[in-house]
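Below you'll find the structure, written out as structure tokens, and then a few comments.
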Amino acid sequence: MGMSGGGNRAVPYINVTPLIDVLLVLLIIFMVVTPLKPSRFKADIPTQRDPNEDLSKLKPNPLTLVVSISTDLQLKLNQDPMGSVNDPSALAAKLQQTFQQRKEQHAYKVGMETATNIPEDQRIEKTVFVKAPRALKYGDVVKVIDAIKGAGANPVGLQVDDLP
Amino acid sequence: MGMQAGGGGGLQSEINVTPMVDIMLVLLIIFMVVTPFLQQGITVAIPRDLRNPDEDQAINKESSVIISVPKDTEYYLGKKKVNLEDLKAAVEKALANKKEEDKIVYIKSGVDVSYGEVVKVINAVREKGVDKIGLVADKKKGKAAAAAPAT
């Protein structure tokens with residue numbers, strides 16, 4: 001890679017300034033791009049329960065929302081059919097509407113009724129559970145979680161016991 | 001990329017771009033080779049183009065626990081292949097020094113893996129006191145959250 005100059009008139013040298021300019025720009029571009037911004041859905045899972053615990057004392061929460069997916073990819077919110085995995089917009093719309101109603105009716109999470117120091121939006125009961133059969137593809141389940149999250153549900157819980 | 005020989009007159013006033021291009025290409029290649037190694041865990045066909053996952057830089061941290069499920073019945077903790085029993089012990093060990101609120105396990109699962117496999121992993125980690133998981137998914141580039149503002 002030598003650069004042989006012609007004769008001995010001028011000392012040949014490479015002007016490195018533009019080279020360094022471009023290299024620095026490249027470096028900066030890569031430094032910005034490299035951390036790839038990974039993202040994730042946070043989901044809650046039930047902790048291991050003591051098998052001897054008396055479950056009959058637990059009161060069912062009337063505000064519980066369960067999205068169930070059937071093996072033929074149909075969705076259900078509690079008992080009502082809500083479209084399919086490939087078009088979860090009906091589900092998202094219904095969830096959004098439900099949360100809006102709860103906001104108007106001040107349906108707070110258990111234990112948060114009087115916690116006025118927490119913003120109103122975070123006190124509304126927006127927990128949604130996802131129940132999917134084991135035979136389903138993971139990708140389909142994540143699609144549904146995406147839609148649920150988009151409707152504003154927080155937290156999203158995964159049901160892992162008694163799955164078909 | 002032509003290189004015109006000055007020859008004739010006295011001074012050549014052109015920038016010789018050849019070495020510059022050389023170095024740029026080398027740098028590009030270096031970065032292209034290195035970039036895949038920066039992620040934690042193995043490469044998995046995670047769900048792509050989703051609208052609403054939250055960004056979480058902790059996924060790239062060396063210390064976070066990442067379980068990858070590229071195919072049914074194949075589990076990796078970080079880059080190491082493990083079976084379900086070892087997974088429990090390893091997860092317990094990895095989370096032992098963490099604060100309660102940091103006890104989160106990331107699951108990188110392929111889109112074609114059956115949900116039952118993911119449930120098995122979840123069942124394994126919840127025995128160790130984990131009640132939060134992160135399902136790693138790829139956020140759609142560009143404008144996100146077209147549907148549905150949160151409230």
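Residues are referred to by chain and number: the chain letter is A, B, ... according to the order shown in the structure tokens, the number counts from 1 in that chain, and ligands are numbered separately from 1 in the order shown.
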Expected answer as a CSV table (one decimal) with C-alpha atoms, in the first residue's frame: strand (DSSP E) residues in region 8-163 of chain A:
chain,number,residue,atom,x,y,z
A,39,SER,CA,-37.9,-4.2,24.6
A,40,ARG,CA,-40.2,-6.5,26.6
A,41,PHE,CA,-43.7,-7.1,27.9
A,42,LYS,CA,-43.7,-7.2,31.6
A,43,ALA,CA,-46.1,-9.9,32.9
A,44,ASP,CA,-46.9,-11.1,36.3
A,65,LEU,CA,-60.8,-9.5,33.5
A,66,VAL,CA,-59.7,-12.7,31.9
A,67,VAL,CA,-58.8,-12.9,28.3
A,68,SER,CA,-58.9,-16.5,27.1
A,69,ILE,CA,-57.7,-17.8,23.9
A,74,GLN,CA,-60.8,-17.2,19.1
A,75,LEU,CA,-60.6,-14.7,21.9
A,76,LYS,CA,-62.9,-14.3,24.9
A,77,LEU,CA,-63.1,-11.6,27.4
A,80,ASP,CA,-68.0,-12.8,25.8
A,81,PRO,CA,-66.5,-13.7,22.4
A,82,MET,CA,-64.2,-10.9,21.2
A,83,GLY,CA,-62.8,-11.6,17.7
A,84,SER,CA,-59.8,-13.7,17.0
A,128,VAL,CA,-56.0,-8.4,32.9
A,129,PHE,CA,-55.2,-12.1,33.0
A,130,VAL,CA,-54.3,-14.1,29.9
A,131,LYS,CA,-55.3,-17.7,29.7
A,156,VAL,CA,-50.9,-8.2,32.6
A,157,GLY,CA,-50.9,-11.5,34.4
A,158,LEU,CA,-50.4,-14.9,32.9
| Polymer residues at most 7 Å from Lys126 (chain A), only C-alpha atoms, same-chain spacing of 5 or more positions, as number ranges by chain | A: 99, 153-155
Written selection (N, CA and C atoms) as a PDB file, in the first residue's frame:
ATOM      1  N   PHE A  99     -62.072   0.267  30.780  1.00  0.00           N
ATOM      2  CA  PHE A  99     -61.211   1.072  31.648  1.00  0.00           C
ATOM      3  C   PHE A  99     -61.747   2.489  31.774  1.00  0.00           C
ATOM      4  N   ALA A 153     -53.958  -1.945  29.678  1.00  0.00           N
ATOM      5  CA  ALA A 153     -53.967  -2.848  30.816  1.00  0.00           C
ATOM      6  C   ALA A 153     -52.623  -2.827  31.530  1.00  0.00           C
ATOM      7  N   ASN A 154     -52.669  -2.829  32.823  1.00  0.00           N
ATOM      8  CA  ASN A 154     -51.454  -2.857  33.619  1.00  0.00           C
ATOM      9  C   ASN A 154     -51.803  -3.244  35.046  1.00  0.00           C
ATOM     10  N   PRO A 155     -51.286  -4.276  35.601  1.00  0.00           N
ATOM     11  CA  PRO A 155     -50.386  -5.256  35.007  1.00  0.00           C
ATOM     12  C   PRO A 155     -51.122  -6.324  34.191  1.00  0.00           C
TER      13      PRO A 155
END
| CA of Gln159 (chain A) to CA of Val142 (chain A): how many Å, to one decimal? |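 CA of Val142 (chain A) lies 13.7 Å from CA of Gln159 (chain A).
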| task | Enumerate as a PyMOL selection string the residues belonging to chain B that approach chain A to within 7 Å, with only C-alpha atoms taken into account. | result | chain B and resi 20+24+35+47+50-57+59+111-116+119+126-127+129-139+147-148+150-151
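In this model, the gap between CA of Val105 (chain B) and CA of Ile122 (chain B) comes to 9.1 Å.
Within the 12 Å cut-off around Pro62 (chain A), using only C-alpha atoms and omitting residues fewer than 5 positions from it on the same chain, the listed residues are A:Asn78, A:Ala107, A:Tyr108, A:Lys109, A:Val110, A:Glu125, A:Thr127.
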| Backbone DSSP call of helix (DSSP H, G or I) for chain A, listed as a PyMOL selection string | chain A and resi 17-33+55-57+89-105+120-123+138-150
| request: Please indicate the distance in Å from CA of Val85 (chain A) to CA of Val69 (chain B), rounded to one decimal place. | output: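 Going from CA of Val85 (chain A) over to CA of Val69 (chain B) covers 22.1 Å.
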| field | Nearest to Ser68 (chain B) by atom-to-atom distance, counting only C-alpha atoms, from B:Val34, B:Ile29, B:Ala124, B:Val82 | value |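 Among the listed residues, B:Val82 lies closest to Ser68 (chain B).
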